[in-house]
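Source file: model.pdb (PDB, C-alpha atoms)
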ATOM      1  CA  MET A 258      98.053  43.405  38.433
ATOM      2  CA  ALA A 259      96.740  39.849  38.328
ATOM      3  CA  LEU A 260      98.287  37.173  40.489
ATOM      4  CA  ASP A 261     100.749  34.854  38.794
ATOM      5  CA  LYS A 262      99.872  31.327  39.841
ATOM      6  CA  GLN A 263     102.644  29.625  37.860
ATOM      7  CA  TRP A 264     105.320  29.185  40.495
ATOM      8  CA  SER A 265     108.149  26.721  40.540
ATOM      9  CA  TRP A 266     107.950  23.824  42.986
ATOM     10  CA  PRO A 267     110.865  25.061  45.127
ATOM     11  CA  TYR A 268     109.275  28.514  45.492
ATOM     12  CA  ALA A 269     105.820  27.083  46.248
ATOM     13  CA  THR A 270     107.336  24.694  48.790
ATOM     14  CA  PHE A 271     109.224  27.569  50.422
ATOM     15  CA  CYS A 272     106.051  29.670  50.699
ATOM     16  CA  ALA A 273     104.000  26.790  52.107
ATOM     17  CA  SER A 274     106.759  25.944  54.586
ATOM     18  CA  THR A 275     107.074  29.496  55.895
ATOM     19  CA  ILE A 276     103.317  29.765  56.439
ATOM     20  CA  SER A 277     103.355  26.400  58.215
ATOM     21  CA  LEU A 278     106.197  27.612  60.429
ATOM     22  CA  CYS A 279     104.058  30.587  61.474
ATOM     23  CA  ILE A 280     101.510  28.131  62.852
ATOM     24  CA  VAL A 281     104.288  26.125  64.531
ATOM     25  CA  VAL A 282     105.624  29.269  66.212
ATOM     26  CA  ASP A 283     102.138  30.147  67.448
ATOM     27  CA  ILE A 284     101.696  26.658  68.910
ATOM     28  CA  LEU A 285     105.114  26.880  70.572
ATOM     29  CA  GLN A 286     104.227  30.269  72.057
ATOM     30  CA  TYR A 287     101.250  28.610  73.673
ATOM     31  CA  SER A 288     102.872  25.389  74.812
ATOM     32  CA  ALA A 289     106.415  26.506  75.664
ATOM     33  CA  VAL A 290     105.473  27.978  79.024
ATOM     34  CA  LEU A 291     102.959  25.291  79.969
ATOM     35  CA  SER A 292     105.718  22.981  81.134
ATOM     36  CA  PHE A 293     106.772  25.319  83.949
ATOM     37  CA  LEU A 294     104.116  28.009  84.391
ATOM     38  CA  PRO A 295     101.531  26.218  86.580
ATOM     39  CA  GLN A 296     104.134  24.716  88.898
ATOM     40  CA  GLY A 297     106.072  27.978  89.056
ATOM     41  CA  LEU A 298     102.985  29.928  90.040
ATOM     42  CA  LYS A 299     102.050  27.268  92.598
ATOM     43  CA  ASP A 300     105.544  27.478  94.107
ATOM     44  CA  GLU A 301     105.101  31.250  94.435
ATOM     45  CA  GLY A 302     101.991  30.661  96.534
ATOM     46  CA  TYR A 303      99.200  31.316  94.070
ATOM     47  CA  GLN A 304      95.917  29.446  94.407
ATOM     48  CA  ALA A 305      94.539  27.013  91.817
ATOM     49  CA  HIS A 306      91.860  29.458  90.615
ATOM     50  CA  GLU A 307      94.485  32.152  90.023
ATOM     51  CA  ILE A 308      96.664  29.728  88.051
ATOM     52  CA  SER A 309      93.700  28.570  85.986
ATOM     53  CA  ALA A 310      92.825  32.223  85.273
ATOM     54  CA  VAL A 311      96.296  32.762  83.823
ATOM     55  CA  ILE A 312      96.121  29.598  81.711
ATOM     56  CA  GLY A 313      92.508  30.269  80.713
ATOM     57  CA  SER A 314      93.195  33.849  79.647
ATOM     58  CA  TYR A 315      94.874  32.434  76.547
ATOM     59  CA  TYR A 316      91.712  30.580  75.526
ATOM     60  CA  TRP A 317      89.331  33.444  76.271
ATOM     61  CA  ALA A 318      91.513  35.853  74.326
ATOM     62  CA  GLY A 319      91.615  33.405  71.402
ATOM     63  CA  PHE A 320      87.822  33.245  71.519
ATOM     64  CA  LEU A 321      87.656  37.048  71.555
ATOM     65  CA  GLY A 322      90.050  37.265  68.584
ATOM     66  CA  GLY A 323      88.060  34.641  66.674
ATOM     67  CA  THR A 324      84.861  36.579  67.363
ATOM     68  CA  CYS A 325      86.473  39.769  66.033
ATOM     69  CA  ILE A 326      87.618  38.008  62.873
ATOM     70  CA  THR A 327      84.223  36.374  62.320
ATOM     71  CA  SER A 328      82.397  39.665  62.848
ATOM     72  CA  TRP A 329      84.719  41.427  60.416
ATOM     73  CA  GLN A 330      84.239  38.730  57.768
ATOM     74  CA  ILE A 331      80.444  38.804  58.149
ATOM     75  CA  ARG A 332      80.539  42.584  57.788
ATOM     76  CA  LYS A 333      82.611  42.256  54.618
ATOM     77  CA  VAL A 334      80.179  39.727  53.140
ATOM     78  CA  ILE A 335      77.135  41.861  53.904
ATOM     79  CA  ALA A 336      78.376  45.394  53.311
ATOM     80  CA  HIS A 337      81.233  45.295  50.813
ATOM     81  CA  LYS A 338      81.551  44.772  47.119
ATOM     82  CA  LYS A 339      83.493  41.881  45.707
ATOM     83  CA  GLU A 340      87.224  42.628  45.624
ATOM     84  CA  VAL A 341      89.782  41.373  43.150
ATOM     85  CA  LEU A 342      92.716  39.752  44.917
ATOM     86  CA  GLN A 343      95.908  41.721  44.369
ATOM     87  CA  TRP A 344      99.508  41.494  45.524
ATOM     88  CA  SER A 345      98.910  44.312  47.989
ATOM     89  CA  HIS A 346      96.330  42.128  49.799
ATOM     90  CA  LEU A 347      98.778  39.254  50.089
ATOM     91  CA  ARG A 348     101.608  41.534  51.150
ATOM     92  CA  GLY A 349      99.349  42.998  53.849
ATOM     93  CA  HIS A 350      98.553  39.514  55.179
ATOM     94  CA  VAL A 351     102.240  38.595  55.294
ATOM     95  CA  ILE A 352     103.075  41.844  57.092
ATOM     96  CA  ASN A 353     100.305  41.121  59.609
ATOM     97  CA  LEU A 354     101.782  37.658  60.198
ATOM     98  CA  ILE A 355     105.228  39.128  60.792
ATOM     99  CA  ILE A 356     103.885  41.765  63.204
ATOM    100  CA  GLY A 357     101.823  39.170  65.071
ATOM    101  CA  LEU A 358     104.788  36.835  65.455
ATOM    102  CA  MET A 359     107.013  39.686  66.617
ATOM    103  CA  CYS A 360     104.437  40.778  69.216
ATOM    104  CA  GLY A 361     104.130  37.186  70.420
ATOM    105  CA  SER A 362     107.903  36.965  70.727
ATOM    106  CA  VAL A 363     107.992  40.199  72.720
ATOM    107  CA  ALA A 364     105.252  38.821  74.993
ATOM    108  CA  LEU A 365     107.262  35.653  75.615
ATOM    109  CA  THR A 366     110.374  37.694  76.374
ATOM    110  CA  VAL A 367     108.491  39.947  78.807
ATOM    111  CA  GLU A 368     106.949  36.877  80.437
ATOM    112  CA  GLY A 369     110.408  35.373  80.923
ATOM    113  CA  LEU A 370     112.046  38.556  82.237
ATOM    114  CA  TRP A 371     109.309  39.563  84.705
ATOM    115  CA  PRO A 372     107.561  36.360  85.834
ATOM    116  CA  SER A 373     104.762  37.752  87.981
ATOM    117  CA  MET A 374     101.102  36.792  88.038
ATOM    118  CA  GLY A 375      99.939  40.004  86.346
ATOM    119  CA  VAL A 376     102.574  39.811  83.639
ATOM    120  CA  HIS A 377     101.738  36.175  82.930
ATOM    121  CA  PHE A 378      98.033  36.999  82.700
ATOM    122  CA  VAL A 379      98.497  39.947  80.328
ATOM    123  CA  THR A 380     101.053  38.240  78.093
ATOM    124  CA  ARG A 381      99.039  35.014  77.857
ATOM    125  CA  PHE A 382      95.984  37.093  76.971
ATOM    126  CA  ALA A 383      97.951  38.933  74.271
ATOM    127  CA  GLN A 384      99.345  35.669  72.902
ATOM    128  CA  GLY A 385      95.877  34.139  72.716
ATOM    129  CA  PHE A 386      94.421  37.173  70.966
ATOM    130  CA  LEU A 387      97.281  37.366  68.471
ATOM    131  CA  GLY A 388      97.148  33.599  67.963
ATOM    132  CA  ALA A 389      93.620  33.888  66.613
ATOM    133  CA  PHE A 390      94.834  36.274  63.930
ATOM    134  CA  LEU A 391      97.832  34.094  63.111
ATOM    135  CA  PHE A 392      95.686  31.007  62.626
ATOM    136  CA  PHE A 393      92.843  32.625  60.724
TER     137      PHE A 393
END
Spell out the structure here as structure tokens.
Amino acid sequence: MALDKQWSWPYATFCASTISLCIVVDILQYSAVLSFLPQGLKDEGYQAHEISAVIGSYYWAGFLGGTCITSWQIRKVIAHKKEVLQWSHLRGHVINLIIGLMCGSVALTVEGLWPSMGVHFVTRFAQGFLGAFLFF
């Protein structure tokens, strides 16, 4: 089935807004804990290099996720035939967005319930990795 590109303005605005909100949620997942995380870890007695490792894990995981996406896209360009865009492709992307946002929400919840150094590191890493897929 071909894609129908004749949508009403309200429907197109709704779709664009929901995709934009996915990016907003990803940014909030990153920045929501930054207001208290470094000071909270410092108050618990962690050193500056340990705190920076927790904060930096988000960025390194985002880099890793971006590298995975780039490698996958290069592989598709080199090895695959041209594909016709279908509704199943779009539905799959939307489902991936929903799963990524749900996993990020679970990570934030776990980070809030068990605020230890290891949990912060793992959840920030997961959020960074998932954030790459949400953005790209």
Expanded to explicit residues, what is the PyMOL selection byres ((chain A and resi 278-288) around 8) for this file, as a PyMOL selection string? chain A and resi 274-277+289-292+315+354+358+361-362+365+381+384-385+388+391-392
If the PyMOL selection byres ((chain A and resi 373-378) around 8) is run on the structure shown, which residues does it catch, given as a PyMOL selection string? chain A and resi 298+310-312+314+367-368+371-372+379-382
Prev. selection, C-alpha atoms, output as an mmCIF file, keeping the file's coordinate frame:
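Okay, again39.cif is ready:
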data_model
loop_
_atom_site.group_PDB
_atom_site.id
_atom_site.type_symbol
_atom_site.label_atom_id
_atom_site.label_comp_id
_atom_site.auth_asym_id
_atom_site.auth_seq_id
_atom_site.Cartn_x
_atom_site.Cartn_y
_atom_site.Cartn_z
ATOM 1 C CA LEU A 298 102.985 29.928 90.040
ATOM 2 C CA ALA A 310 92.825 32.223 85.273
ATOM 3 C CA VAL A 311 96.296 32.762 83.823
ATOM 4 C CA ILE A 312 96.121 29.598 81.711
ATOM 5 C CA SER A 314 93.195 33.849 79.647
ATOM 6 C CA VAL A 367 108.491 39.947 78.807
ATOM 7 C CA GLU A 368 106.949 36.877 80.437
ATOM 8 C CA TRP A 371 109.309 39.563 84.705
ATOM 9 C CA PRO A 372 107.561 36.360 85.834
ATOM 10 C CA VAL A 379 98.497 39.947 80.328
ATOM 11 C CA THR A 380 101.053 38.240 78.093
ATOM 12 C CA ARG A 381 99.039 35.014 77.857
ATOM 13 C CA PHE A 382 95.984 37.093 76.971
#
Please, what distance in Å, to one decimal, runs between CA of Thr270 in chain A and CA of Val363 in chain A?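 One can read the CA of Thr270 in chain A to CA of Val363 in chain A distance as 28.5 Å.
If you measure from each of A:Leu294, A:Ala364, A:Leu321, A:Ile308 to Phe386 in chain A using all atoms listed in the file, the closest one turns out to be A:Leu321.
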What is the CA of Val351 in chain A to CA of Leu387 in chain A distance in Å? 14.1 Å
Please report the interatomic distance between CA of Lys338 in chain A and CA of Ile352 in chain A in Å with one decimal.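 Between CA of Lys338 in chain A and CA of Ile352 in chain A the gap is 23.9 Å.
Here the question is which of A:Gly302, A:Gly297, A:Thr324, A:Phe390 gets nearest to Ile355 in chain A using all atoms listed in the file, and that residue is A:Phe390.
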Centre, x/y/z edge lengths, axis-aligned box for range 367-381 of chain A with 3 Å per side, as AutoDock Vina command-line options:
--center_x 105.0 --center_y 37.5 --center_z 82.9 --size_x 20.0 --size_y 11.0 --size_z 16.2
Selected residue, from A:Phe293, A:Phe393, A:Trp264, A:Phe271, that lies nearest to Phe320 in chain A when counting all atoms listed in the file: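 Among A:Phe293, A:Phe393, A:Trp264, A:Phe271, it is A:Phe393 that comes nearest to Phe320 in chain A.
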Can I get a file of range 331-353 of chain A from the given structure, N, CA, C and O atoms kept, as a PDB file, in the first residue's frame?
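Saved file result.pdb follows:
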ATOM      1  N   ILE A 331      25.027   2.593   7.036  1.00  0.00           N
ATOM      2  CA  ILE A 331      26.045   2.360   6.006  1.00  0.00           C
ATOM      3  C   ILE A 331      25.892   0.957   5.433  1.00  0.00           C
ATOM      4  O   ILE A 331      25.962   0.762   4.216  1.00  0.00           O
ATOM      5  N   ARG A 332      25.637  -0.007   6.302  1.00  0.00           N
ATOM      6  CA  ARG A 332      25.419  -1.382   5.831  1.00  0.00           C
ATOM      7  C   ARG A 332      24.209  -1.453   4.902  1.00  0.00           C
ATOM      8  O   ARG A 332      24.242  -2.132   3.883  1.00  0.00           O
ATOM      9  N   LYS A 333      23.139  -0.758   5.262  1.00  0.00           N
ATOM     10  CA  LYS A 333      21.948  -0.762   4.412  1.00  0.00           C
ATOM     11  C   LYS A 333      22.225  -0.137   3.054  1.00  0.00           C
ATOM     12  O   LYS A 333      21.739  -0.616   2.034  1.00  0.00           O
ATOM     13  N   VAL A 334      23.004   0.939   3.030  1.00  0.00           N
ATOM     14  CA  VAL A 334      23.316   1.605   1.763  1.00  0.00           C
ATOM     15  C   VAL A 334      24.169   0.703   0.877  1.00  0.00           C
ATOM     16  O   VAL A 334      23.949   0.614  -0.328  1.00  0.00           O
ATOM     17  N   ILE A 335      25.116   0.013   1.470  1.00  0.00           N
ATOM     18  CA  ILE A 335      26.042  -0.804   0.685  1.00  0.00           C
ATOM     19  C   ILE A 335      25.433  -2.143   0.285  1.00  0.00           C
ATOM     20  O   ILE A 335      25.577  -2.581  -0.855  1.00  0.00           O
ATOM     21  N   ALA A 336      24.745  -2.802   1.183  1.00  0.00           N
ATOM     22  CA  ALA A 336      24.371  -4.195   0.972  1.00  0.00           C
ATOM     23  C   ALA A 336      22.916  -4.437   0.579  1.00  0.00           C
ATOM     24  O   ALA A 336      22.597  -5.510   0.098  1.00  0.00           O
ATOM     25  N   HIS A 337      22.042  -3.494   0.776  1.00  0.00           N
ATOM     26  CA  HIS A 337      20.622  -3.762   0.557  1.00  0.00           C
ATOM     27  C   HIS A 337      20.100  -3.092  -0.702  1.00  0.00           C
ATOM     28  O   HIS A 337      20.620  -2.088  -1.160  1.00  0.00           O
ATOM     29  N   LYS A 338      19.008  -3.684  -1.176  1.00  0.00           N
ATOM     30  CA  LYS A 338      18.300  -3.076  -2.299  1.00  0.00           C
ATOM     31  C   LYS A 338      17.453  -1.914  -1.800  1.00  0.00           C
ATOM     32  O   LYS A 338      17.147  -1.812  -0.620  1.00  0.00           O
ATOM     33  N   LYS A 339      17.037  -1.097  -2.731  1.00  0.00           N
ATOM     34  CA  LYS A 339      16.171   0.018  -2.396  1.00  0.00           C
ATOM     35  C   LYS A 339      14.810  -0.519  -1.947  1.00  0.00           C
ATOM     36  O   LYS A 339      14.251  -1.409  -2.574  1.00  0.00           O
ATOM     37  N   GLU A 340      14.301   0.033  -0.849  1.00  0.00           N
ATOM     38  CA  GLU A 340      13.012  -0.408  -0.316  1.00  0.00           C
ATOM     39  C   GLU A 340      11.959   0.666  -0.524  1.00  0.00           C
ATOM     40  O   GLU A 340      12.243   1.848  -0.406  1.00  0.00           O
ATOM     41  N   VAL A 341      10.752   0.228  -0.787  1.00  0.00           N
ATOM     42  CA  VAL A 341       9.626   1.150  -0.902  1.00  0.00           C
ATOM     43  C   VAL A 341       9.071   1.371   0.499  1.00  0.00           C
ATOM     44  O   VAL A 341       8.826   0.416   1.237  1.00  0.00           O
ATOM     45  N   LEU A 342       8.896   2.625   0.875  1.00  0.00           N
ATOM     46  CA  LEU A 342       8.389   2.945   2.196  1.00  0.00           C
ATOM     47  C   LEU A 342       6.929   2.506   2.319  1.00  0.00           C
ATOM     48  O   LEU A 342       6.105   2.831   1.465  1.00  0.00           O
ATOM     49  N   GLN A 343       6.645   1.765   3.370  1.00  0.00           N
ATOM     50  CA  GLN A 343       5.293   1.273   3.609  1.00  0.00           C
ATOM     51  C   GLN A 343       4.864   1.634   5.021  1.00  0.00           C
ATOM     52  O   GLN A 343       5.672   2.018   5.859  1.00  0.00           O
ATOM     53  N   TRP A 344       3.565   1.455   5.288  1.00  0.00           N
ATOM     54  CA  TRP A 344       3.037   1.761   6.612  1.00  0.00           C
ATOM     55  C   TRP A 344       3.687   0.906   7.688  1.00  0.00           C
ATOM     56  O   TRP A 344       3.875   1.343   8.824  1.00  0.00           O
ATOM     57  N   SER A 345       4.056  -0.315   7.345  1.00  0.00           N
ATOM     58  CA  SER A 345       4.679  -1.189   8.341  1.00  0.00           C
ATOM     59  C   SER A 345       6.023  -0.620   8.808  1.00  0.00           C
ATOM     60  O   SER A 345       6.387  -0.776   9.974  1.00  0.00           O
ATOM     61  N   HIS A 346       6.764   0.059   7.901  1.00  0.00           N
ATOM     62  CA  HIS A 346       8.015   0.701   8.310  1.00  0.00           C
ATOM     63  C   HIS A 346       7.742   1.829   9.312  1.00  0.00           C
ATOM     64  O   HIS A 346       8.421   1.937  10.332  1.00  0.00           O
ATOM     65  N   LEU A 347       6.772   2.645   9.004  1.00  0.00           N
ATOM     66  CA  LEU A 347       6.444   3.758   9.898  1.00  0.00           C
ATOM     67  C   LEU A 347       5.921   3.264  11.241  1.00  0.00           C
ATOM     68  O   LEU A 347       6.283   3.787  12.294  1.00  0.00           O
ATOM     69  N   ARG A 348       5.076   2.253  11.189  1.00  0.00           N
ATOM     70  CA  ARG A 348       4.536   1.687  12.427  1.00  0.00           C
ATOM     71  C   ARG A 348       5.672   1.124  13.286  1.00  0.00           C
ATOM     72  O   ARG A 348       5.706   1.308  14.498  1.00  0.00           O
ATOM     73  N   GLY A 349       6.641   0.468  12.644  1.00  0.00           N
ATOM     74  CA  GLY A 349       7.788  -0.062  13.373  1.00  0.00           C
ATOM     75  C   GLY A 349       8.598   1.039  14.042  1.00  0.00           C
ATOM     76  O   GLY A 349       9.053   0.886  15.180  1.00  0.00           O
ATOM     77  N   HIS A 350       8.778   2.171  13.353  1.00  0.00           N
ATOM     78  CA  HIS A 350       9.513   3.291  13.947  1.00  0.00           C
ATOM     79  C   HIS A 350       8.762   3.877  15.143  1.00  0.00           C
ATOM     80  O   HIS A 350       9.380   4.220  16.160  1.00  0.00           O
ATOM     81  N   VAL A 351       7.456   3.981  15.030  1.00  0.00           N
ATOM     82  CA  VAL A 351       6.653   4.512  16.135  1.00  0.00           C
ATOM     83  C   VAL A 351       6.699   3.553  17.330  1.00  0.00           C
ATOM     84  O   VAL A 351       6.838   3.985  18.479  1.00  0.00           O
ATOM     85  N   ILE A 352       6.624   2.264  17.063  1.00  0.00           N
ATOM     86  CA  ILE A 352       6.706   1.280  18.144  1.00  0.00           C
ATOM     87  C   ILE A 352       8.075   1.349  18.819  1.00  0.00           C
ATOM     88  O   ILE A 352       8.174   1.281  20.049  1.00  0.00           O
ATOM     89  N   ASN A 353       9.131   1.524  18.026  1.00  0.00           N
ATOM     90  CA  ASN A 353      10.469   1.673  18.610  1.00  0.00           C
ATOM     91  C   ASN A 353      10.561   2.918  19.475  1.00  0.00           C
ATOM     92  O   ASN A 353      11.199   2.897  20.536  1.00  0.00           O
TER      93      ASN A 353
END
